[in-house]
file target-v2.csv (CSV, C-alpha atoms (C1' of nucleotides))
chain,number,residue,atom,x,y,z
A,827,MET,CA,-0.5,18.7,-27.4
A,828,ASP,CA,0.0,16.6,-30.6
A,829,LYS,CA,-1.8,13.5,-31.4
A,830,LYS,CA,0.7,11.1,-29.9
A,831,GLU,CA,0.8,12.9,-26.6
A,832,GLU,CA,-3.0,12.9,-26.5
A,833,ARG,CA,-3.0,9.2,-27.0
A,834,LEU,CA,-0.4,8.7,-24.3
A,835,SER,CA,-2.2,10.7,-21.7
A,836,HIS,CA,-5.5,9.1,-22.6
A,837,ILE,CA,-4.0,5.7,-21.8
A,838,LEU,CA,-2.8,7.1,-18.4
A,839,ALA,CA,-6.2,8.5,-17.6
A,840,VAL,CA,-7.8,5.2,-18.4
A,841,THR,CA,-5.2,3.4,-16.2
A,842,ILE,CA,-6.0,5.7,-13.3
A,843,GLU,CA,-9.7,4.8,-13.8
A,844,VAL,CA,-9.0,1.1,-13.8
A,845,LEU,CA,-6.7,1.4,-10.8
A,846,GLY,CA,-9.2,3.4,-8.8
A,847,LYS,CA,-12.1,1.0,-9.6
A,848,GLU,CA,-10.3,-2.4,-9.3
A,849,GLY,CA,-7.1,-1.8,-7.5
A,850,ALA,CA,-3.4,-2.5,-8.4
A,851,ASP,CA,-3.8,-6.3,-8.0
A,852,GLN,CA,-6.7,-6.4,-10.5
A,853,LEU,CA,-5.1,-4.1,-13.0
A,854,SER,CA,-3.9,-5.9,-16.1
A,855,MET,CA,-2.5,-4.8,-19.4
A,856,ARG,CA,-5.4,-6.5,-21.2
A,857,LYS,CA,-8.0,-4.6,-19.1
A,858,VAL,CA,-6.3,-1.2,-19.8
A,859,ALA,CA,-6.0,-2.0,-23.5
A,860,LYS,CA,-9.7,-2.9,-23.7
A,861,ALA,CA,-10.8,0.2,-21.7
A,862,ALA,CA,-8.6,2.4,-23.9
A,863,ASN,CA,-9.9,0.7,-27.1
A,864,LEU,CA,-6.5,-0.6,-28.1
A,865,SER,CA,-5.2,-4.1,-28.8
A,866,LEU,CA,-2.9,-5.5,-26.2
A,867,SER,CA,0.1,-5.3,-28.4
A,868,ASN,CA,-0.7,-1.8,-29.4
A,869,LEU,CA,-0.8,-0.7,-25.8
A,870,GLN,CA,2.6,-2.3,-25.4
A,871,TYR,CA,3.8,-0.3,-28.3
A,872,TYR,CA,3.2,2.9,-26.3
A,873,TYR,CA,4.1,1.5,-22.9
A,874,LYS,CA,6.3,-1.5,-23.4
A,875,ASP,CA,5.5,-3.3,-20.1
A,876,LYS,CA,3.4,-3.0,-17.0
A,877,GLU,CA,6.1,-1.4,-14.9
A,878,ILE,CA,6.6,1.5,-17.3
A,879,LEU,CA,2.9,2.0,-17.6
A,880,LEU,CA,2.5,2.2,-13.8
A,881,ILE,CA,5.4,4.7,-13.4
A,882,ALA,CA,4.0,6.9,-16.1
A,883,THR,CA,0.6,6.7,-14.5
A,884,ALA,CA,1.8,7.7,-11.0
A,885,GLN,CA,3.6,10.7,-12.4
A,886,TYR,CA,0.6,11.7,-14.4
A,887,TYR,CA,-1.5,11.3,-11.2
A,888,PHE,CA,0.9,13.4,-9.2
A,889,GLN,CA,0.7,16.2,-11.8
A,890,ARG,CA,-3.1,16.1,-11.4
A,891,CYS,CA,-2.8,16.3,-7.6
A,892,LYS,CA,-0.7,19.4,-7.8
A,893,GLN,CA,-3.2,21.1,-10.0
A,894,GLU,CA,-6.0,20.2,-7.6
A,895,PHE,CA,-4.0,21.4,-4.6
A,896,THR,CA,-3.1,24.8,-6.0
A,897,GLN,CA,-6.6,25.4,-7.2
A,898,THR,CA,-8.1,24.6,-3.8
A,899,ILE,CA,-5.6,26.8,-2.0
A,900,ASN,CA,-6.2,29.7,-4.4
A,901,LEU,CA,-9.9,29.4,-3.8
A,902,LEU,CA,-9.3,29.5,0.0
A,903,LYS,CA,-7.1,32.6,-0.2
A,904,GLU,CA,-9.7,34.5,-2.2
A,905,LYS,CA,-12.4,33.9,0.4
A,906,HIS,CA,-13.9,37.2,1.7
A,907,ASN,CA,-13.7,36.3,5.4
A,908,PHE,CA,-10.1,35.3,5.2
A,909,THR,CA,-8.2,35.3,8.5
A,910,VAL,CA,-5.2,33.2,9.5
A,911,PRO,CA,-7.0,31.1,12.1
A,912,ILE,CA,-9.9,30.4,9.7
A,913,PHE,CA,-7.4,29.5,7.0
A,914,LEU,CA,-5.6,27.1,9.3
A,915,GLU,CA,-8.8,25.4,10.5
A,916,THR,CA,-10.0,25.0,7.0
A,917,VAL,CA,-6.7,23.6,5.8
A,918,LEU,CA,-6.6,21.1,8.8
A,919,ASP,CA,-10.1,20.0,8.1
A,920,LEU,CA,-9.2,19.5,4.4
A,921,TRP,CA,-6.0,17.5,5.2
A,922,LEU,CA,-7.4,15.3,7.9
A,923,VAL,CA,-9.4,12.9,5.8
A,924,ASN,CA,-10.2,9.3,6.2
A,925,GLY,CA,-8.2,7.3,3.7
A,926,LYS,CA,-10.9,4.9,2.9
A,927,GLU,CA,-13.4,7.5,1.9
A,928,ASN,CA,-11.1,9.5,-0.3
A,929,SER,CA,-10.4,8.4,-3.8
A,930,GLN,CA,-7.0,10.2,-3.8
A,931,ASN,CA,-5.9,8.3,-0.8
A,932,ILE,CA,-7.0,5.0,-2.3
A,933,MET,CA,-4.8,5.8,-5.3
A,934,PHE,CA,-1.9,6.7,-3.0
A,935,ARG,CA,-2.2,3.4,-1.2
A,936,GLU,CA,-1.9,1.5,-4.5
A,937,ILE,CA,1.1,3.6,-5.5
A,938,TRP,CA,2.8,3.1,-2.1
A,939,ALA,CA,2.5,-0.6,-2.3
A,940,LEU,CA,3.8,-0.7,-5.8
A,941,SER,CA,6.6,1.7,-4.9
A,942,SER,CA,8.0,-0.6,-2.2
A,943,ARG,CA,8.9,-3.1,-5.0
A,944,ASN,CA,10.0,-0.6,-7.6
A,945,LYS,CA,13.0,1.7,-7.2
A,946,GLU,CA,12.0,4.1,-10.0
A,947,LEU,CA,8.4,4.4,-8.7
A,948,GLU,CA,9.8,4.9,-5.2
A,949,ILE,CA,11.8,7.9,-6.4
A,950,ALA,CA,8.8,9.3,-8.1
A,951,VAL,CA,6.8,9.1,-4.9
A,952,GLU,CA,9.7,10.7,-2.9
A,953,THR,CA,10.0,13.5,-5.4
A,954,TYR,CA,6.3,14.2,-5.2
A,955,TYR,CA,6.4,14.4,-1.4
A,956,LYS,CA,9.5,16.6,-1.5
A,957,ASN,CA,7.7,19.0,-3.9
A,958,TYR,CA,4.5,18.9,-1.9
A,959,CYS,CA,6.5,20.0,1.2
A,960,ILE,CA,8.1,22.9,-0.8
A,961,TRP,CA,4.7,24.2,-2.0
A,962,THR,CA,3.2,23.9,1.5
A,963,VAL,CA,6.1,25.6,3.2
A,964,GLU,CA,5.9,28.4,0.6
A,965,LEU,CA,2.2,28.7,1.3
A,966,PHE,CA,2.6,28.7,5.0
A,967,ALA,CA,5.5,31.2,4.8
A,968,SER,CA,3.0,33.9,4.0
A,969,PHE,CA,1.2,33.5,7.3
A,970,PHE,CA,3.5,31.8,9.8
A,971,LYS,CA,7.0,32.4,11.3
A,972,GLN,CA,8.0,28.7,11.4
A,973,PRO,CA,6.7,27.2,8.2
A,974,GLU,CA,9.3,24.4,8.1
A,975,ARG,CA,8.4,23.3,11.6
A,976,LEU,CA,4.7,23.4,10.9
A,977,ILE,CA,4.9,21.5,7.7
A,978,SER,CA,7.2,18.9,9.2
A,979,LEU,CA,4.5,18.3,11.8
A,980,LEU,CA,1.4,18.6,9.8
A,981,ILE,CA,2.1,16.7,6.5
A,982,PRO,CA,3.3,13.4,8.1
A,983,TYR,CA,0.4,13.7,10.6
A,984,ALA,CA,-2.1,14.0,7.8
A,985,GLU,CA,-0.7,11.0,6.0
A,986,GLY,CA,-0.8,8.9,9.1
A,987,TYR,CA,-4.3,10.2,10.0
A,988,ALA,CA,-5.5,9.0,6.6
A,989,ILE,CA,-4.4,5.5,7.5
A,990,MET,CA,-5.7,5.1,11.1
A,991,GLY,CA,-7.4,8.4,12.1
A,992,THR,CA,-10.7,6.7,12.6
A,993,VAL,CA,-9.6,4.6,15.5
A,994,LEU,CA,-7.8,7.3,17.6
A,995,PRO,CA,-9.0,8.0,21.2
A,996,LEU,CA,-9.7,11.7,20.2
A,997,ASP,CA,-12.2,12.7,17.6
A,998,LYS,CA,-11.4,14.9,14.6
A,999,LYS,CA,-12.7,18.1,16.2
A,1000,LYS,CA,-10.6,17.6,19.3
A,1001,ILE,CA,-7.6,16.7,17.2
A,1002,ILE,CA,-7.9,19.9,15.1
A,1003,GLY,CA,-8.2,21.9,18.4
A,1004,MET,CA,-5.1,20.2,19.7
A,1005,LEU,CA,-3.1,20.9,16.5
A,1006,MET,CA,-4.2,24.5,16.5
A,1007,ASP,CA,-3.0,24.9,20.0
A,1008,LEU,CA,0.3,23.2,19.2
A,1009,ILE,CA,0.8,25.5,16.2
A,1010,GLU,CA,0.2,28.5,18.3
A,1011,HIS,CA,2.8,27.2,20.8
A,1012,ILE,CA,5.4,26.6,18.0
A,1013,GLU,CA,4.7,30.1,16.6
A,1014,SER,CA,5.0,31.8,20.0
B,679,MET,CA,-0.5,-26.7,19.8
B,680,ASP,CA,-1.7,-29.8,17.9
B,681,LYS,CA,-0.4,-30.9,14.6
B,682,LYS,CA,-3.0,-29.2,12.5
B,683,GLU,CA,-2.4,-25.9,14.2
B,684,GLU,CA,1.3,-26.2,13.7
B,685,ARG,CA,0.7,-26.9,10.0
B,686,LEU,CA,-1.5,-23.9,9.7
B,687,SER,CA,0.9,-21.5,11.4
B,688,HIS,CA,3.8,-22.8,9.4
B,689,ILE,CA,2.0,-22.0,6.2
B,690,LEU,CA,1.4,-18.4,7.5
B,691,ALA,CA,5.0,-18.0,8.5
B,692,VAL,CA,6.1,-19.1,5.0
B,693,THR,CA,3.5,-16.7,3.5
B,694,ILE,CA,5.0,-13.8,5.5
B,695,GLU,CA,8.5,-14.8,4.3
B,696,VAL,CA,7.3,-14.8,0.6
B,697,LEU,CA,5.4,-11.5,1.1
B,698,GLY,CA,8.5,-9.8,2.6
B,699,LYS,CA,10.8,-11.1,0.0
B,700,GLU,CA,8.7,-10.7,-3.2
B,701,GLY,CA,5.8,-8.4,-2.3
B,702,ALA,CA,2.1,-8.8,-2.5
B,703,ASP,CA,2.0,-8.6,-6.3
B,704,GLN,CA,4.5,-11.4,-6.7
B,705,LEU,CA,2.9,-13.7,-4.1
B,706,SER,CA,1.1,-16.7,-5.6
B,707,MET,CA,-0.6,-19.7,-4.1
B,708,ARG,CA,1.8,-21.9,-6.1
B,709,LYS,CA,4.9,-20.2,-4.6
B,710,VAL,CA,3.6,-20.5,-1.0
B,711,ALA,CA,2.7,-24.1,-1.6
B,712,LYS,CA,6.2,-24.8,-3.0
B,713,ALA,CA,7.9,-22.9,-0.1
B,714,ALA,CA,5.8,-24.8,2.4
B,715,ASN,CA,6.5,-28.2,0.8
B,716,LEU,CA,2.8,-28.7,-0.1
B,717,SER,CA,1.0,-29.4,-3.3
B,718,LEU,CA,-1.1,-26.5,-4.6
B,719,SER,CA,-4.3,-28.4,-3.9
B,720,ASN,CA,-3.2,-29.3,-0.4
B,721,LEU,CA,-2.5,-25.7,0.4
B,722,GLN,CA,-5.9,-24.9,-0.8
B,723,TYR,CA,-7.3,-27.6,1.5
B,724,TYR,CA,-6.0,-25.6,4.5
B,725,TYR,CA,-6.6,-22.1,3.1
B,726,LYS,CA,-9.2,-22.4,0.4
B,727,ASP,CA,-8.3,-19.3,-1.6
B,728,LYS,CA,-5.8,-16.5,-1.7
B,729,GLU,CA,-8.0,-14.0,0.1
B,730,ILE,CA,-8.5,-16.3,3.1
B,731,LEU,CA,-4.8,-17.0,3.2
B,732,LEU,CA,-3.9,-13.3,3.2
B,733,ILE,CA,-6.4,-12.4,5.9
B,734,ALA,CA,-5.1,-15.2,8.1
B,735,THR,CA,-1.5,-14.1,7.4
B,736,ALA,CA,-2.2,-10.5,8.3
B,737,GLN,CA,-3.8,-11.5,11.6
B,738,TYR,CA,-0.8,-13.8,12.4
B,739,TYR,CA,1.5,-11.0,11.6
B,740,PHE,CA,-0.3,-8.6,13.8
B,741,GLN,CA,0.0,-11.1,16.7
B,742,ARG,CA,3.7,-11.2,16.2
B,743,CYS,CA,3.9,-7.4,16.1
B,744,LYS,CA,2.1,-7.2,19.5
B,745,GLN,CA,4.6,-9.7,21.0
B,746,GLU,CA,7.5,-7.7,19.7
B,747,PHE,CA,6.1,-4.4,20.9
B,748,THR,CA,5.4,-5.6,24.5
B,749,GLN,CA,8.8,-7.2,24.6
B,750,THR,CA,10.6,-4.0,23.5
B,751,ILE,CA,8.7,-1.9,25.9
B,752,ASN,CA,9.4,-4.2,28.9
B,753,LEU,CA,13.1,-4.1,28.1
B,754,LEU,CA,12.9,-0.3,28.0
B,755,LYS,CA,11.1,-0.1,31.4
B,756,GLU,CA,13.7,-2.3,33.1
B,757,LYS,CA,16.6,-0.1,32.1
B,758,HIS,CA,18.7,1.0,35.0
B,759,ASN,CA,18.8,4.7,34.0
B,760,PHE,CA,15.1,5.0,33.5
B,761,THR,CA,13.6,8.5,33.5
B,762,VAL,CA,10.5,9.8,31.8
B,763,PRO,CA,12.4,12.1,29.3
B,764,ILE,CA,14.9,9.3,28.4
B,765,PHE,CA,12.0,6.9,28.0
B,766,LEU,CA,10.2,9.4,25.7
B,767,GLU,CA,13.2,10.1,23.6
B,768,THR,CA,13.9,6.4,23.2
B,769,VAL,CA,10.3,5.7,22.2
B,770,LEU,CA,10.3,8.5,19.7
B,771,ASP,CA,13.6,7.3,18.2
B,772,LEU,CA,12.1,3.8,17.9
B,773,TRP,CA,8.8,5.0,16.4
B,774,LEU,CA,10.2,7.4,13.8
B,775,VAL,CA,11.6,4.9,11.3
B,776,ASN,CA,12.0,5.1,7.6
B,777,GLY,CA,9.4,2.8,6.1
B,778,LYS,CA,11.7,1.6,3.3
B,779,GLU,CA,14.4,0.4,5.7
B,780,ASN,CA,12.1,-1.4,8.0
B,781,SER,CA,10.8,-4.9,7.2
B,782,GLN,CA,7.8,-4.4,9.4
B,783,ASN,CA,6.8,-1.3,7.4
B,784,ILE,CA,7.2,-3.1,4.2
B,785,MET,CA,4.8,-5.7,5.4
B,786,PHE,CA,2.3,-3.0,6.5
B,787,ARG,CA,2.4,-1.4,3.1
B,788,GLU,CA,1.5,-4.6,1.5
B,789,ILE,CA,-1.3,-5.2,3.9
B,790,TRP,CA,-2.6,-1.6,3.5
B,791,ALA,CA,-2.8,-2.0,-0.2
B,792,LEU,CA,-4.5,-5.4,0.1
B,793,SER,CA,-6.9,-4.0,2.7
B,794,SER,CA,-8.2,-1.2,0.5
B,795,ARG,CA,-9.7,-3.9,-1.7
B,796,ASN,CA,-10.9,-6.3,1.0
B,797,LYS,CA,-13.5,-5.5,3.6
B,798,GLU,CA,-12.5,-8.2,6.0
B,799,LEU,CA,-8.8,-7.4,5.9
B,800,GLU,CA,-9.6,-3.7,6.3
B,801,ILE,CA,-11.4,-4.6,9.6
B,802,ALA,CA,-8.5,-6.6,10.7
B,803,VAL,CA,-6.1,-3.7,10.1
B,804,GLU,CA,-8.5,-1.3,11.9
B,805,THR,CA,-8.7,-3.7,14.9
B,806,TYR,CA,-5.0,-3.9,15.1
B,807,TYR,CA,-4.6,-0.1,15.1
B,808,LYS,CA,-7.4,0.2,17.7
B,809,ASN,CA,-5.6,-2.3,20.0
B,810,TYR,CA,-2.3,-0.6,19.4
B,811,CYS,CA,-3.7,2.7,20.6
B,812,ILE,CA,-5.1,1.0,23.7
B,813,TRP,CA,-1.7,-0.6,24.6
B,814,THR,CA,0.2,2.6,24.0
B,815,VAL,CA,-2.4,4.8,25.9
B,816,GLU,CA,-2.1,2.3,28.9
B,817,LEU,CA,1.7,2.5,28.7
B,818,PHE,CA,1.7,6.3,28.6
B,819,ALA,CA,-0.8,6.5,31.4
B,820,SER,CA,1.9,5.4,33.8
B,821,PHE,CA,4.0,8.5,33.0
B,822,PHE,CA,1.8,11.2,31.5
B,823,LYS,CA,-1.3,13.1,32.4
B,824,GLN,CA,-2.7,13.3,28.9
B,825,PRO,CA,-2.1,9.8,27.4
B,826,GLU,CA,-5.0,10.0,24.9
B,827,ARG,CA,-3.8,13.3,23.5
B,828,LEU,CA,-0.2,12.2,23.2
B,829,ILE,CA,-1.1,9.0,21.5
B,830,SER,CA,-3.6,10.7,19.1
B,831,LEU,CA,-0.7,12.9,18.2
B,832,LEU,CA,2.2,10.5,18.1
B,833,ILE,CA,0.9,7.3,16.5
B,834,PRO,CA,-0.5,8.9,13.3
B,835,TYR,CA,2.6,11.0,13.1
B,836,ALA,CA,4.9,7.9,13.2
B,837,GLU,CA,2.8,6.2,10.5
B,838,GLY,CA,3.1,9.2,8.3
B,839,TYR,CA,6.8,9.6,9.1
B,840,ALA,CA,7.4,6.1,7.9
B,841,ILE,CA,5.9,7.1,4.5
B,842,MET,CA,7.6,10.4,3.8
B,843,GLY,CA,9.8,11.3,6.8
B,844,THR,CA,13.0,11.3,4.7
B,845,VAL,CA,11.9,14.3,2.6
B,846,LEU,CA,10.8,16.7,5.4
B,847,PRO,CA,12.5,20.1,5.8
B,848,LEU,CA,13.5,19.2,9.4
B,849,ASP,CA,15.8,16.2,10.2
B,850,LYS,CA,15.0,13.5,12.6
B,851,LYS,CA,16.9,15.0,15.5
B,852,LYS,CA,15.1,18.3,15.2
B,853,ILE,CA,11.8,16.6,14.8
B,854,ILE,CA,12.2,14.6,18.0
B,855,GLY,CA,13.2,17.8,19.8
B,856,MET,CA,10.0,19.5,18.5
B,857,LEU,CA,7.8,16.6,19.5
B,858,MET,CA,9.3,16.6,23.0
B,859,ASP,CA,8.6,20.3,23.3
B,860,LEU,CA,5.1,19.8,22.1
B,861,ILE,CA,4.5,16.9,24.5
B,862,GLU,CA,5.8,19.1,27.4
B,863,HIS,CA,3.3,21.8,26.3
B,864,ILE,CA,0.4,19.4,26.2
B,865,GLU,CA,1.3,18.0,29.6
B,866,SER,CA,1.7,21.5,31.2
C,1329,DA,C1',5.9,4.8,-37.0
C,1330,DC,C1',2.0,2.2,-35.8
C,1331,DC,C1',-0.6,-2.0,-35.2
C,1332,DT,C1',-1.8,-7.2,-35.4
C,1333,DG,C1',-2.3,-12.1,-33.7
C,1334,DA,C1',-0.2,-16.3,-32.1
C,1335,DA,C1',2.5,-18.5,-28.7
C,1336,DC,C1',4.7,-19.2,-24.1
C,1337,DA,C1',5.0,-19.7,-19.2
C,1338,DC,C1',2.6,-18.4,-15.2
C,1339,DC,C1',-1.5,-17.5,-12.3
C,1340,DG,C1',-6.2,-18.6,-9.2
C,1341,DT,C1',-9.8,-21.6,-8.9
C,1342,DT,C1',-12.6,-25.8,-9.7
C,1343,DC,C1',-13.4,-30.5,-9.6
C,1344,DA,C1',-13.4,-35.5,-9.7
C,1345,DA,C1',-10.6,-38.8,-7.6
C,1346,DG,C1',-7.8,-41.1,-4.3
C,1347,DT,C1',-6.3,-42.6,0.9
D,1227,DA,C1',-9.8,-35.8,7.2
D,1228,DC,C1',-6.1,-35.1,4.2
D,1229,DC,C1',-4.1,-35.1,-0.4
D,1230,DT,C1',-3.6,-35.6,-5.7
D,1231,DG,C1',-3.5,-34.1,-10.7
D,1232,DA,C1',-5.9,-32.4,-14.7
D,1233,DA,C1',-8.5,-28.7,-16.7
D,1234,DC,C1',-10.1,-23.9,-17.3
D,1235,DA,C1',-9.9,-19.0,-18.0
D,1236,DC,C1',-6.8,-15.3,-17.2
D,1237,DC,C1',-2.3,-13.0,-17.0
D,1238,DG,C1',2.5,-10.5,-18.8
D,1239,DT,C1',5.7,-10.8,-22.3
D,1240,DT,C1',7.9,-12.1,-26.6
D,1241,DC,C1',8.1,-12.2,-31.5
D,1242,DA,C1',7.4,-12.5,-36.4
D,1243,DA,C1',4.5,-10.2,-39.4
D,1244,DG,C1',1.9,-6.6,-41.5
D,1245,DT,C1',0.8,-1.3,-43.1
call {"tool": "encode", "arguments": {"input": "target-v2.csv", "output": "structure tokens"}}
result
Amino acid sequence: MDKKEERLSHILAVTIEVLGKEGADQLSMRKVAKAANLSLSNLQYYYKDKEILLIATAQYYFQRCKQEFTQTINLLKEKHNFTVPIFLETVLDLWLVNGKENSQNIMFREIWALSSRNKELEIAVETYYKNYCIWTVELFASFFKQPERLISLLIPYAEGYAIMGTVLPLDKKKIIGMLMDLIEHIES
Amino acid sequence: MDKKEERLSHILAVTIEVLGKEGADQLSMRKVAKAANLSLSNLQYYYKDKEILLIATAQYYFQRCKQEFTQTINLLKEKHNFTVPIFLETVLDLWLVNGKENSQNIMFREIWALSSRNKELEIAVETYYKNYCIWTVELFASFFKQPERLISLLIPYAEGYAIMGTVLPLDKKKIIGMLMDLIEHIES
DNA sequence: ACCTGAACACCGTTCAAGT
DNA sequence: ACCTGAACACCGTTCAAGT
């Protein structure tokens, strides 16, 4: 990585920090510039306006998410007591998270909102989800007969659960039980 | 409804319009004031700052959503060819909508994003989802044995589908088929 | 190629003042 | 109770200028 690339990704890392701390509505070019120790105009030299900065930031963030995901999955696979049901339960427990307690979900909310006003960002989000489905289908293909069906069920469910999982009539434990039963039914 | 109330709800209706057209990031007190034919300071007399205006707007919007929901469901129930499987398929087709094509979902995205930075708005969103679950459980209780389980499955799924349903390995028709099969399994 | 500072139109909020 | 206009600090963007 040369010096310019380092500079660019440092700006993006700082932008993620500001986004996470203050939210999309509070993020300003001036704040990012200050946090990155740049003058406003110098920041604009690297990212010429706010839109471009946000798109680059989202893509940088997605890249990070992928790294985190593969790392977590690899750790899971290497566990000494690995069985398919244990793997499944662990994955479900990992995926069903409350959006308000999870910094990754807070970032995604900001990105979603921005993407509904920005065609290019919308495409970046769509691409990420598409790839996410591909990785997870591949992962599930090692253990299940119907990976496409399982992923088409579980990924949207997890996304929705992040939004409003806390107010459902069933608690998380019962939901995981239900999902495991449904998966067994799909696979049978 | 007295004159003040009318004035207040007119402002909220105008705010919803501006939000839908331009998005949360483009919404300004000045724009709302202009669109509602008020001076900026006069708008601030009714809603003293942007936060309060947005919370009131979200609640007003939720109220509208409830009306729309009950109306749609009543029309469905009154249909001459009503059977439980047809009802279920129609409801699923109605619920599984692409978030980008649906103006209600665009509004919800804006509200979600705002709510992650605002405790009071977050509570309003949570309350809405809680009530939504209660209505739908009641509705399903007329036709199904396990309404809580079905709603705990379907509502988060529909929310997640709105976000990323377009990139799933299965198409909508197959997904509805899968869900109907799963529902049958839960009920059996 | 990289960086600066001033200027512009816009924003939310505050406040003293009117009816 | 309802409404006004000016003022303030902040914002994104543009631009002419430096190294």
call {"tool": "residues_around", "arguments": {"input": "target-v2.csv", "residues": "Leu705 in chain B", "least_positions_apart": "5", "cutoff": "7 Å", "atoms": "only C-alpha atoms (C1' of nucleotides)", "output": "compact mmCIF listing (two decimals) with C-alpha atoms, in the frame of the given file"}}
result
# COMPACT_ATOMS: atom_id res chain seq x y z
CA VAL B 696 7.30 -14.80 0.60
CA LEU B 697 5.40 -11.50 1.10
CA GLU B 700 8.70 -10.70 -3.20
call {"tool": "atom_distance", "arguments": {"input": "target-v2.csv", "atom1": "CA of Ala840 in chain B", "atom2": "CA of Lys778 in chain B"}}
result
7.7 Å
call {"tool": "interface_residues", "arguments": {"input": "target-v2.csv", "of": "chain B", "to": "chain C", "cutoff": "10 Å", "atoms": "only C-alpha atoms (C1' of nucleotides)", "output": "list in words"}}
result
Ser706, Met707, Arg708, Gln722, Lys726, Asp727 and Lys728 of chain B
call {"tool": "closest_atom_pairs", "arguments": {"input": "target-v2.csv", "of": "chain A", "to": "chain B", "cutoff": "6 Å", "atoms": "all atoms listed in the file", "output": "Markdown table"}}
result
| residue | atom | partner | partner_atom | distance |
| --- | --- | --- | --- | --- |
| A:Arg935 | CA | B:Ala791 | CA | 5.5 |
| A:Glu936 | CA | B:Ala791 | CA | 5.6 |
| A:Ala939 | CA | B:Arg787 | CA | 5.5 |
| A:Lys956 | CA | B:Val845 | CA | 5.3 |
| A:Glu974 | CA | B:Pro847 | CA | 5.8 |
| A:Ser978 | CA | B:Leu846 | CA | 5.7 |
| A:Pro982 | CA | B:Gly838 | CA | 4.2 |
| A:Tyr983 | CA | B:Tyr835 | CA | 4.3 |
| A:Glu985 | CA | B:Gly838 | CA | 4.8 |
| A:Gly986 | CA | B:Gly838 | CA | 4.0 |
| A:Tyr987 | CA | B:Pro834 | CA | 5.2 |
| A:Val993 | CA | B:Lys808 | CA | 5.4 |
| A:Leu994 | CA | B:Ser830 | CA | 5.6 |
| A:Pro995 | CA | B:Glu826 | CA | 5.8 |
call {"tool": "residues_near_point", "arguments": {"input": "target-v2.csv", "point": "(-5.1, -16.6, 1.2)", "cutoff": "10 Å", "atoms": "only C-alpha atoms (C1' of nucleotides)", "output": "JSON, numbers by chain"}}
result
{"B": [690, 693, 706, 707, 710, 721, 722, 724, 725, 726, 727, 728, 729, 730, 731, 732, 733, 734, 735, 736]}
